[in-house]
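Below is one structure; the comments refer to it alone.
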Amino acid sequence: MVTGSSSSAWSAASECYLDGVERDPVIEEYKKHVDRTLLRENLKLTVEQRLRNLMELQKLSEELRRAGRKPR
Amino acid sequence: MSVDYARFFAVLCGGGVEFILVGGTAANVHGSARLTQVVDIVYRRSRENVARLVAALGPFDPYLRGAPPGLPFRWDAETIWRGLNFTLKTALGPVDALGEIAGGGGYDELLAHTLEIEAFGQRIRCLDLRKLIEVKRAAGRPKDLEAVAELEALLDESGG
């Protein structure tokens, strides 16, 4: 079972339970904005493919950051 | 700097280091689409394992991330033993080597909440999705709200 810590700012407001997972109204609100299509695509991949995608994303992020620092 | 996961896992597993993958990379293992720039691990706090961790990462120039250049820092077993959580930059990429995490404890407490994954020819212990959600919630940082929401969505999508 997943339980929030009493130190958590948002878990204190948790009330409802489903499938053994504490449901927090704040988190539930955030969940409405999660792009599940991306998650479904990721879940079709192997763990290694997911990590390779992450590495590509990190490289892209680094290149963009570098480009942003170049004098215009 | 990006993380070279293939080399990182080969180095740690090859060196016999007992560790658990946690944090953003563990979230990606479970299907998260969020970008993380760091690999977080919880290493077992035994003298033997600390020595193995030091030997494994030693050749990759570990240094405190964000510390001013020239600040004395010695990557050795005594330093790790006297400390606990180290945020490092290494030649393999940024690494957070953690002795404990909030809401989860250390390696021995977390072990029952892990699953074994296979990637890049290595078998790696990774924190399971439910525990990952629990520790992210325990961290209680506002920036984790979106991450927790995504992880819970993943739990829904993967059938809980």
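Please note that chains go A, B, ... in the order of the structure tokens, that every chain numbers its residues from 1, and that ligands are numbered from 1 in the order shown.
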Shell of 12 Å around Arg52 (chain A), only C-alpha atoms, local chain residues under 3 positions omitted, as number ranges by chain: A: 42, 45-49, 55-59; B: 2-6, 25, 28-29, 119-120
Suppose we keep N, CA and C atoms; can you now write the selection as a PDB file, in the first residue's frame?
ATOM      1  N   ASN A  42       5.396   4.824 -24.170  1.00  0.00           N
ATOM      2  CA  ASN A  42       6.561   4.375 -23.396  1.00  0.00           C
ATOM      3  C   ASN A  42       6.379   2.960 -22.867  1.00  0.00           C
ATOM      4  N   LEU A  45       7.554   0.089 -24.905  1.00  0.00           N
ATOM      5  CA  LEU A  45       8.999  -0.076 -25.110  1.00  0.00           C
ATOM      6  C   LEU A  45       9.614  -0.970 -24.043  1.00  0.00           C
ATOM      7  N   THR A  46      10.798  -1.495 -24.348  1.00  0.00           N
ATOM      8  CA  THR A  46      11.553  -2.221 -23.320  1.00  0.00           C
ATOM      9  C   THR A  46      12.214  -1.190 -22.404  1.00  0.00           C
ATOM     10  N   VAL A  47      12.675  -1.656 -21.255  1.00  0.00           N
ATOM     11  CA  VAL A  47      13.360  -0.756 -20.318  1.00  0.00           C
ATOM     12  C   VAL A  47      14.565  -0.111 -21.000  1.00  0.00           C
ATOM     13  N   GLU A  48      15.302  -0.913 -21.751  1.00  0.00           N
ATOM     14  CA  GLU A  48      16.503  -0.368 -22.406  1.00  0.00           C
ATOM     15  C   GLU A  48      16.121   0.706 -23.427  1.00  0.00           C
ATOM     16  N   GLN A  49      15.063   0.481 -24.162  1.00  0.00           N
ATOM     17  CA  GLN A  49      14.609   1.501 -25.129  1.00  0.00           C
ATOM     18  C   GLN A  49      14.203   2.789 -24.410  1.00  0.00           C
ATOM     19  N   MET A  55      18.441   9.116 -22.768  1.00  0.00           N
ATOM     20  CA  MET A  55      19.782   9.620 -23.109  1.00  0.00           C
ATOM     21  C   MET A  55      19.709  10.589 -24.285  1.00  0.00           C
ATOM     22  N   GLU A  56      18.885  10.257 -25.281  1.00  0.00           N
ATOM     23  CA  GLU A  56      18.724  11.145 -26.443  1.00  0.00           C
ATOM     24  C   GLU A  56      18.138  12.485 -26.016  1.00  0.00           C
ATOM     25  N   LEU A  57      17.174  12.415 -25.116  1.00  0.00           N
ATOM     26  CA  LEU A  57      16.531  13.631 -24.606  1.00  0.00           C
ATOM     27  C   LEU A  57      17.535  14.489 -23.831  1.00  0.00           C
ATOM     28  N   GLN A  58      18.371  13.835 -23.052  1.00  0.00           N
ATOM     29  CA  GLN A  58      19.402  14.559 -22.294  1.00  0.00           C
ATOM     30  C   GLN A  58      20.373  15.265 -23.238  1.00  0.00           C
ATOM     31  N   LYS A  59      20.757  14.560 -24.316  1.00  0.00           N
ATOM     32  CA  LYS A  59      21.700  15.155 -25.279  1.00  0.00           C
ATOM     33  C   LYS A  59      21.060  16.360 -25.964  1.00  0.00           C
TER      34      LYS A  59
ATOM     35  N   SER B   2      24.997  14.609 -20.228  1.00  0.00           N
ATOM     36  CA  SER B   2      24.075  13.479 -20.189  1.00  0.00           C
ATOM     37  C   SER B   2      24.709  12.288 -19.457  1.00  0.00           C
ATOM     38  N   VAL B   3      23.859  11.351 -19.092  1.00  0.00           N
ATOM     39  CA  VAL B   3      24.327  10.167 -18.368  1.00  0.00           C
ATOM     40  C   VAL B   3      24.550   9.039 -19.375  1.00  0.00           C
ATOM     41  N   ASP B   4      25.692   8.380 -19.290  1.00  0.00           N
ATOM     42  CA  ASP B   4      25.955   7.211 -20.117  1.00  0.00           C
ATOM     43  C   ASP B   4      25.502   5.982 -19.310  1.00  0.00           C
ATOM     44  N   TYR B   5      24.219   5.643 -19.453  1.00  0.00           N
ATOM     45  CA  TYR B   5      23.656   4.566 -18.621  1.00  0.00           C
ATOM     46  C   TYR B   5      24.315   3.213 -18.878  1.00  0.00           C
ATOM     47  N   ALA B   6      24.630   2.955 -20.138  1.00  0.00           N
ATOM     48  CA  ALA B   6      25.232   1.655 -20.459  1.00  0.00           C
ATOM     49  C   ALA B   6      26.554   1.476 -19.708  1.00  0.00           C
ATOM     50  N   THR B  25      15.417   8.520 -12.930  1.00  0.00           N
ATOM     51  CA  THR B  25      15.751   7.440 -13.856  1.00  0.00           C
ATOM     52  C   THR B  25      14.876   6.214 -13.593  1.00  0.00           C
ATOM     53  N   ASN B  28      11.698   6.813 -15.243  1.00  0.00           N
ATOM     54  CA  ASN B  28      11.791   6.545 -16.684  1.00  0.00           C
ATOM     55  C   ASN B  28      11.742   5.048 -16.971  1.00  0.00           C
ATOM     56  N   VAL B  29      12.368   4.269 -16.129  1.00  0.00           N
ATOM     57  CA  VAL B  29      12.310   2.808 -16.280  1.00  0.00           C
ATOM     58  C   VAL B  29      10.852   2.340 -16.265  1.00  0.00           C
ATOM     59  N   ALA B 119      18.928  -4.279 -18.580  1.00  0.00           N
ATOM     60  CA  ALA B 119      19.197  -3.242 -19.588  1.00  0.00           C
ATOM     61  C   ALA B 119      20.686  -3.214 -19.864  1.00  0.00           C
ATOM     62  N   PHE B 120      21.040  -3.025 -21.108  1.00  0.00           N
ATOM     63  CA  PHE B 120      22.436  -2.944 -21.533  1.00  0.00           C
ATOM     64  C   PHE B 120      23.248  -4.157 -21.050  1.00  0.00           C
TER      65      PHE B 120
END
Residues near Ala55 (chain B), cut-off 9 Å, only C-alpha atoms, skip fewer than 4 positions along chain, as a PyMOL selection string: chain B and resi 15+50-51+59+76-77
Mind running chain B against chain A at 10 Å and telling me each contacting residue's nearest atom pair with the distance in Å (one decimal), counting only C-alpha atoms, chain and number ascending, as CSV?
residue,atom,partner,partner_atom,distance
B:Met1,CA,A:Glu62,CA,6.5
B:Ser2,CA,A:Gln58,CA,5.2
B:Val3,CA,A:Met55,CA,6.6
B:Asp4,CA,A:Met55,CA,7.3
B:Tyr5,CA,A:Leu51,CA,7.4
B:Ala6,CA,A:Arg52,CA,9.0
B:Thr25,CA,A:Leu51,CA,7.9
B:Ala26,CA,A:Leu51,CA,9.6
B:Asn28,CA,A:Arg50,CA,6.6
B:Val29,CA,A:Val47,CA,5.5
B:His30,CA,A:Leu43,CA,7.7
B:Gly31,CA,A:Asn42,CA,5.1
B:Ser32,CA,A:Leu39,CA,6.4
B:Ala33,CA,A:Leu39,CA,6.5
B:Arg34,CA,A:Leu54,CA,8.5
B:Leu35,CA,A:Leu54,CA,6.8
B:Thr36,CA,A:Gln58,CA,7.5
B:Gln37,CA,A:Gln58,CA,6.3
B:Val38,CA,A:Gln58,CA,9.5
B:Ala102,CA,A:Ser5,CA,9.4
B:Gly103,CA,A:Ser5,CA,7.0
B:Ile117,CA,A:Val47,CA,7.5
B:Glu118,CA,A:Val47,CA,7.3
B:Ala119,CA,A:Glu48,CA,4.8
B:Phe120,CA,A:Glu48,CA,6.5
B:Gly121,CA,A:Glu48,CA,9.3
B:Leu129,CA,A:Val2,CA,9.8
B:Arg130,CA,A:Val2,CA,6.1
B:Lys131,CA,A:Val2,CA,6.9
B:Leu132,CA,A:Val2,CA,9.3
B:Ile133,CA,A:Val2,CA,7.4
B:Glu134,CA,A:Val2,CA,5.7
B:Val135,CA,A:Gly4,CA,8.2
B:Lys136,CA,A:Gly4,CA,9.0
B:Arg137,CA,A:Gly4,CA,5.8
B:Ala138,CA,A:Ser5,CA,5.0
B:Ala139,CA,A:Ser8,CA,6.9
B:Gly140,CA,A:Ser8,CA,4.5
B:Arg141,CA,A:Ser8,CA,8.0
B:Pro142,CA,A:Ala9,CA,8.4
B:Asp144,CA,A:Ile27,CA,10.0
B:Leu145,CA,A:Ile27,CA,6.5
B:Glu146,CA,A:Tyr30,CA,6.2
B:Ala147,CA,A:Tyr30,CA,9.3
B:Val148,CA,A:Ile27,CA,7.1
B:Ala149,CA,A:Lys31,CA,4.9
B:Glu150,CA,A:Val34,CA,6.0
B:Leu151,CA,A:Lys31,CA,9.2
B:Glu152,CA,A:Lys31,CA,7.8
B:Ala153,CA,A:Lys31,CA,6.6
B:Leu154,CA,A:Leu39,CA,6.7
B:Leu155,CA,A:Val21,CA,9.5
B:Asp156,CA,A:Asp19,CA,9.6
B:Glu157,CA,A:Arg40,CA,7.2
B:Ser158,CA,A:Leu43,CA,7.8
B:Gly159,CA,A:Asp19,CA,9.9
B:Gly160,CA,A:Asp19,CA,7.3
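CA of Arg44 (chain B) is positioned 10.6 Å from CA of Leu84 (chain B).
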Would you mind listing what lies within 9 Å of region 105-107 of chain B as a ChimeraX atom specification, with only C-alpha atoms counted and same-chain residues fewer than 5 positions away left out? /B:18-20,42-45,98-100
DSSP-assigned helix (DSSP H, G or I) among region 6-151 of chain B, expressed as JSON, numbers by chain: {"B": [6, 7, 8, 9, 10, 11, 12, 13, 14, 23, 24, 25, 26, 27, 28, 29, 47, 48, 49, 50, 51, 52, 53, 54, 55, 56, 57, 58, 59, 60, 77, 78, 79, 80, 81, 82, 107, 108, 109, 110, 111, 112, 113, 129, 130, 131, 132, 133, 134, 135, 136, 137, 138, 139, 144, 145, 146, 147, 148, 149, 150, 151]}
